[in-house]
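Below is one structure, written out as structure tokens; comments come after it.
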Amino acid sequence: MLIAGFPAGAWGTNCYLVAPAAGEECVIIDPGHQAADGVAEAVRKHRLKPVAVVLTHGHIDHVASVVPVCGAHDVPAWIHPDDRYMMSDPEKGIGRAIGMPLMGELTVGEPDDVKELTDGAALKLAGLEFSVAHAPGHTKGSVTFNLPESADIPPVMFSGDLLFAGSVGRTDLPGGDMVEMLDSLARVCLPLDDSTVVLSGHGPQTTIGRERATNPYLRQVAAGPGAPTEAPRRGM
């Protein structure tokens with residue numbers, strides 16, 4: 001399997017291209033601010049054919065390049081219905097103005113073809129099967145995408161801004177909710193095998209085993225009810 005990732009734009013949001021192998025169809029995950037050039041470069045380098053864009057949530061740092069990327073490859077975008085409004089109205093998703101200079105670089109709106117994700121769906125794209133889990137907390141429509149173990153890689157979770165190395169996504173923006181975040185961590189992350197590689201929306205990769213042992217939020221939900229030990233949270 002091929003997973004090519006790079007941090008993009010002002011927020012350093014991780015964008016991923018996933019394919020069975022070089023020279024085959026691929027899925028693009030979270031093409032955020034200024035990600036279009038990086039996507040084009042990865043497509044050329046690995047001789048890929050994009051068939052879809054899938055989005056972990058609707059914040060502008062994860063969706064800013066959806067329109068140009070989908071348009072360049074004539075592919076649909078998949079997003080949870082609770083976050084779909086943010087593609088056309090990104091400022092509503094963060095509760096404040098993004099700023100005119102930055103907004104001038106963005107193509108706000110929906111691509112021509114938008115499809116909606118559902119909890120528990122098996123998304124079959126590019127010869128791969130992504131398991132979708134609704135994971136609210138950072139936003140109401142946050143989801144994760146999981147790939148099963150294969151011959152050459154362990155299981156993988158694309159966690160968006162649910163789970164990071166050592167932290168979790170912030171919950172102080174519109175739609176954020178710490179109670180929902182903790183529930184999502186318990187329901188979506190804790191059942192996964194320790195070998196699961198976590199590819200998050202920001203920062204380095206980690207594993208479920210490492211986070212189970214060291215992440216204060218995941219440790220708290222594993223231990224049972226109670227407020228988590230406070231630690232920095234990330235994401236827009």
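Going through the structure tokens in order, the chains are called A, B, and so on, while each chain numbers its residues from 1 and the ligands are numbered from 1 in the order shown.
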Fewer than 6 positions away in the same chain doesn't count, so skip those; otherwise give me all residues within 6 Å of Ser200 in chain A, counting only C-alpha atoms, as a PyMOL selection string.
chain A and resi 158-160+164
Go ahead and save the residues from that selection, with N, CA and C atoms, as a PDB file, in the first residue's frame.
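Below is the file selection-v3.pdb, written as the result:
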ATOM      1  N   PHE A 158      -6.920   7.181  10.046  1.00  0.00           N
ATOM      2  CA  PHE A 158      -6.787   8.597   9.730  1.00  0.00           C
ATOM      3  C   PHE A 158      -7.724   9.322  10.695  1.00  0.00           C
ATOM      4  N   SER A 159      -7.135   9.950  11.708  1.00  0.00           N
ATOM      5  CA  SER A 159      -7.922  10.414  12.846  1.00  0.00           C
ATOM      6  C   SER A 159      -8.401  11.851  12.733  1.00  0.00           C
ATOM      7  N   GLY A 160      -7.978  12.575  11.683  1.00  0.00           N
ATOM      8  CA  GLY A 160      -8.367  13.976  11.611  1.00  0.00           C
ATOM      9  C   GLY A 160      -7.902  14.707  12.850  1.00  0.00           C
ATOM     10  N   PHE A 164      -4.284  13.129  18.403  1.00  0.00           N
ATOM     11  CA  PHE A 164      -2.935  13.485  17.965  1.00  0.00           C
ATOM     12  C   PHE A 164      -1.913  12.737  18.816  1.00  0.00           C
TER      13      PHE A 164
END
Close residues, Ala4 in chain A itself excluded, 10 Å, only C-alpha atoms, min 3 positions apart in chain, as a ChimeraX atom specification:
/A:1,15-19,28,39,42-43,46
Next, write the just-selected residues to a file, as a compact mmCIF listing (two decimals), in the first residue's frame, keeping all heavy atoms as the atom set.
# COMPACT_ATOMS: atom_id res chain seq x y z
N MET A 1 0.85 -1.20 0.00
CA MET A 1 0.00 0.00 0.00
C MET A 1 0.88 1.24 0.00
O MET A 1 1.98 1.26 0.57
CB MET A 1 -0.91 0.01 1.22
CG MET A 1 -1.89 1.18 1.26
SD MET A 1 -2.98 1.13 2.69
CE MET A 1 -3.84 -0.41 2.36
N CYS A 15 -2.20 16.38 4.71
CA CYS A 15 -2.99 15.86 3.60
C CYS A 15 -2.38 14.52 3.20
O CYS A 15 -1.15 14.38 3.18
CB CYS A 15 -2.95 16.84 2.43
SG CYS A 15 -3.80 16.28 0.93
N TYR A 16 -3.22 13.55 2.90
CA TYR A 16 -2.74 12.21 2.57
C TYR A 16 -3.31 11.75 1.24
O TYR A 16 -4.47 12.03 0.92
CB TYR A 16 -3.16 11.20 3.65
CG TYR A 16 -2.66 11.52 5.04
CD1 TYR A 16 -3.50 12.14 5.96
CD2 TYR A 16 -1.37 11.19 5.44
CE1 TYR A 16 -3.05 12.43 7.25
CE2 TYR A 16 -0.92 11.48 6.72
CZ TYR A 16 -1.76 12.10 7.62
OH TYR A 16 -1.32 12.39 8.88
N LEU A 17 -2.51 11.03 0.47
CA LEU A 17 -2.96 10.32 -0.71
C LEU A 17 -2.75 8.83 -0.45
O LEU A 17 -1.64 8.42 -0.06
CB LEU A 17 -2.20 10.75 -1.96
CG LEU A 17 -2.50 12.17 -2.47
CD1 LEU A 17 -1.68 13.20 -1.72
CD2 LEU A 17 -2.23 12.29 -3.97
N VAL A 18 -3.78 8.03 -0.64
CA VAL A 18 -3.75 6.62 -0.28
C VAL A 18 -4.11 5.79 -1.51
O VAL A 18 -5.13 6.04 -2.17
CB VAL A 18 -4.73 6.31 0.86
CG1 VAL A 18 -4.53 4.88 1.36
CG2 VAL A 18 -4.58 7.30 2.00
N ALA A 19 -3.28 4.80 -1.82
CA ALA A 19 -3.49 3.95 -2.99
C ALA A 19 -3.00 2.53 -2.70
O ALA A 19 -2.15 2.34 -1.82
CB ALA A 19 -2.74 4.51 -4.20
N ILE A 28 -7.77 10.98 -1.82
CA ILE A 28 -7.11 12.13 -1.21
C ILE A 28 -7.86 12.48 0.07
O ILE A 28 -9.08 12.65 0.06
CB ILE A 28 -7.11 13.34 -2.16
CG1 ILE A 28 -6.38 12.99 -3.46
CG2 ILE A 28 -6.47 14.56 -1.50
CD1 ILE A 28 -6.65 13.97 -4.59
N VAL A 39 -0.71 18.06 -3.72
CA VAL A 39 -1.47 16.93 -4.26
C VAL A 39 -1.02 16.64 -5.69
O VAL A 39 -0.76 15.48 -6.05
CB VAL A 39 -2.98 17.22 -4.22
CG1 VAL A 39 -3.75 16.19 -5.04
CG2 VAL A 39 -3.48 17.23 -2.78
N ALA A 42 2.38 14.94 -5.70
CA ALA A 42 2.32 13.54 -5.29
C ALA A 42 1.68 12.67 -6.37
O ALA A 42 2.11 11.53 -6.59
CB ALA A 42 1.55 13.41 -3.98
N VAL A 43 0.65 13.19 -7.03
CA VAL A 43 0.01 12.44 -8.11
C VAL A 43 1.01 12.17 -9.23
O VAL A 43 1.09 11.04 -9.75
CB VAL A 43 -1.21 13.23 -8.64
CG1 VAL A 43 -1.68 12.66 -9.98
CG2 VAL A 43 -2.35 13.19 -7.62
N HIS A 46 3.97 9.64 -8.01
CA HIS A 46 3.58 8.24 -7.81
C HIS A 46 2.67 7.70 -8.92
O HIS A 46 2.17 6.59 -8.82
CB HIS A 46 2.89 8.09 -6.46
CG HIS A 46 3.76 8.48 -5.29
ND1 HIS A 46 4.85 7.74 -4.89
CD2 HIS A 46 3.69 9.56 -4.45
CE1 HIS A 46 5.42 8.34 -3.85
NE2 HIS A 46 4.73 9.42 -3.56
Which residues come within 9 Å of Pro148 in chain A, counting only C-alpha atoms, excluding same-chain residues fewer than 5 positions away, as a list in words?
Glu129, Phe130, Ser131, Ile153, Pro154, Pro155, Val156, Met157 and Thr196 of chain A
Members of range 22-137 of chain A assigned alpha helix (DSSP H) by DSSP, as a count of residues only
36
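Residues within 12 Å of Lys92 in chain A, counting only C-alpha atoms and excluding same-chain residues fewer than 3 positions away, are Gly58, His59, Ile60, Asp83, Arg84, Tyr85, Met86, Met87, Ser88, Asp89, Gly95, Arg96, Ala97, Ile98, Thr139, Leu173, Pro174 and Gly175 of chain A.
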Output of the above residues as a compact mmCIF listing (two decimals), in the first residue's frame, restricted to C-alpha atoms:
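File produced: out.txt:
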# COMPACT_ATOMS: atom_id res chain seq x y z
CA GLY A 58 -15.25 20.64 7.74
CA HIS A 59 -12.80 23.16 9.22
CA ILE A 60 -11.22 25.39 6.61
CA ASP A 83 -20.05 19.55 8.72
CA ARG A 84 -21.08 20.10 5.12
CA TYR A 85 -22.12 23.73 5.72
CA MET A 86 -18.53 24.70 6.51
CA MET A 87 -17.41 24.23 2.92
CA SER A 88 -19.58 27.18 1.89
CA ASP A 89 -19.42 29.15 5.16
CA GLY A 95 -16.73 31.47 15.15
CA ARG A 96 -14.65 34.38 13.88
CA ALA A 97 -13.39 36.01 10.70
CA ILE A 98 -10.54 34.14 9.05
CA THR A 139 -16.80 19.25 15.35
CA LEU A 173 -14.88 26.24 18.60
CA PRO A 174 -18.51 26.07 17.39
CA GLY A 175 -19.67 22.46 17.50
Calculated over only C-alpha atoms, which of the candidates A:Gln205, A:Gln220, A:Asn146, A:Ser195 has the smallest distance to Leu182 in chain A?
A:Gln220
What's the separation between CA of Asp193 in chain A and CA of Thr13 in chain A, in Å to one decimal place?
25.5 Å
Using DSSP secondary structure from the backbone, list all strand (DSSP E or B) positions within range 11-69 of chain A, as a ChimeraX atom specification.
/A:13-19,25-29,49-54
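Each of A:Val27, A:Leu147, A:Leu163, A:Val75 was checked against Pro216 in chain A using only C-alpha atoms; the smallest atom-to-atom distance is that of A:Leu163.
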Best match for closeness to Pro81 in chain A among A:Ala35, A:Leu117, A:Ile3, A:Met178, counting only C-alpha atoms:
A:Leu117
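Close contacts of Ala77 in chain A, defined as residues with an atom at most 8 Å away when counting only C-alpha atoms, with chain neighbours fewer than 5 positions off set aside, comprise Ala52, Val53, Val54, Leu55, Val66, Cys70, Pro111, Asp113, Val114 and Lys115 of chain A.
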Restricting it to N, CA and C atoms, dump the selection as a short mmCIF file (atom, residue, chain, number, x, y, z; two decimals), in the first residue's frame.
data_model
loop_
_atom_site.label_atom_id
_atom_site.label_comp_id
_atom_site.auth_asym_id
_atom_site.auth_seq_id
_atom_site.Cartn_x
_atom_site.Cartn_y
_atom_site.Cartn_z
N ALA A 52 -11.43 10.16 -5.54
CA ALA A 52 -12.29 10.79 -4.55
C ALA A 52 -11.46 11.59 -3.56
N VAL A 53 -12.11 12.60 -2.99
CA VAL A 53 -11.59 13.32 -1.83
C VAL A 53 -12.48 12.95 -0.65
N VAL A 54 -11.87 12.59 0.49
CA VAL A 54 -12.64 12.31 1.70
C VAL A 54 -12.15 13.23 2.81
N LEU A 55 -13.08 13.70 3.64
CA LEU A 55 -12.79 14.75 4.61
C LEU A 55 -13.10 14.29 6.03
N VAL A 66 -10.47 21.81 -1.45
CA VAL A 66 -11.37 20.79 -1.98
C VAL A 66 -11.87 21.15 -3.37
N CYS A 70 -10.85 18.74 -6.42
CA CYS A 70 -11.93 17.97 -7.04
C CYS A 70 -12.12 18.38 -8.50
N PRO A 111 -17.58 21.56 -4.13
CA PRO A 111 -17.30 21.06 -5.47
C PRO A 111 -18.60 20.61 -6.13
N ASP A 113 -19.68 17.76 -7.02
CA ASP A 113 -20.28 16.50 -6.54
C ASP A 113 -19.89 16.28 -5.08
N VAL A 114 -20.87 16.36 -4.20
CA VAL A 114 -20.64 16.14 -2.77
C VAL A 114 -21.47 14.94 -2.31
N LYS A 115 -20.82 14.01 -1.64
CA LYS A 115 -21.50 12.83 -1.11
C LYS A 115 -21.35 12.84 0.41
#
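Coordinates place CA of Val198 in chain A at a distance of 20.9 Å from CA of Ala223 in chain A.
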From the list A:Gly166, A:Gly137, A:Gly23, A:Pro68, which residue is nearest Gly209 in chain A when using only C-alpha atoms?
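Comparing A:Gly166, A:Gly137, A:Gly23, A:Pro68 against Gly209 in chain A, the winner is A:Gly166.
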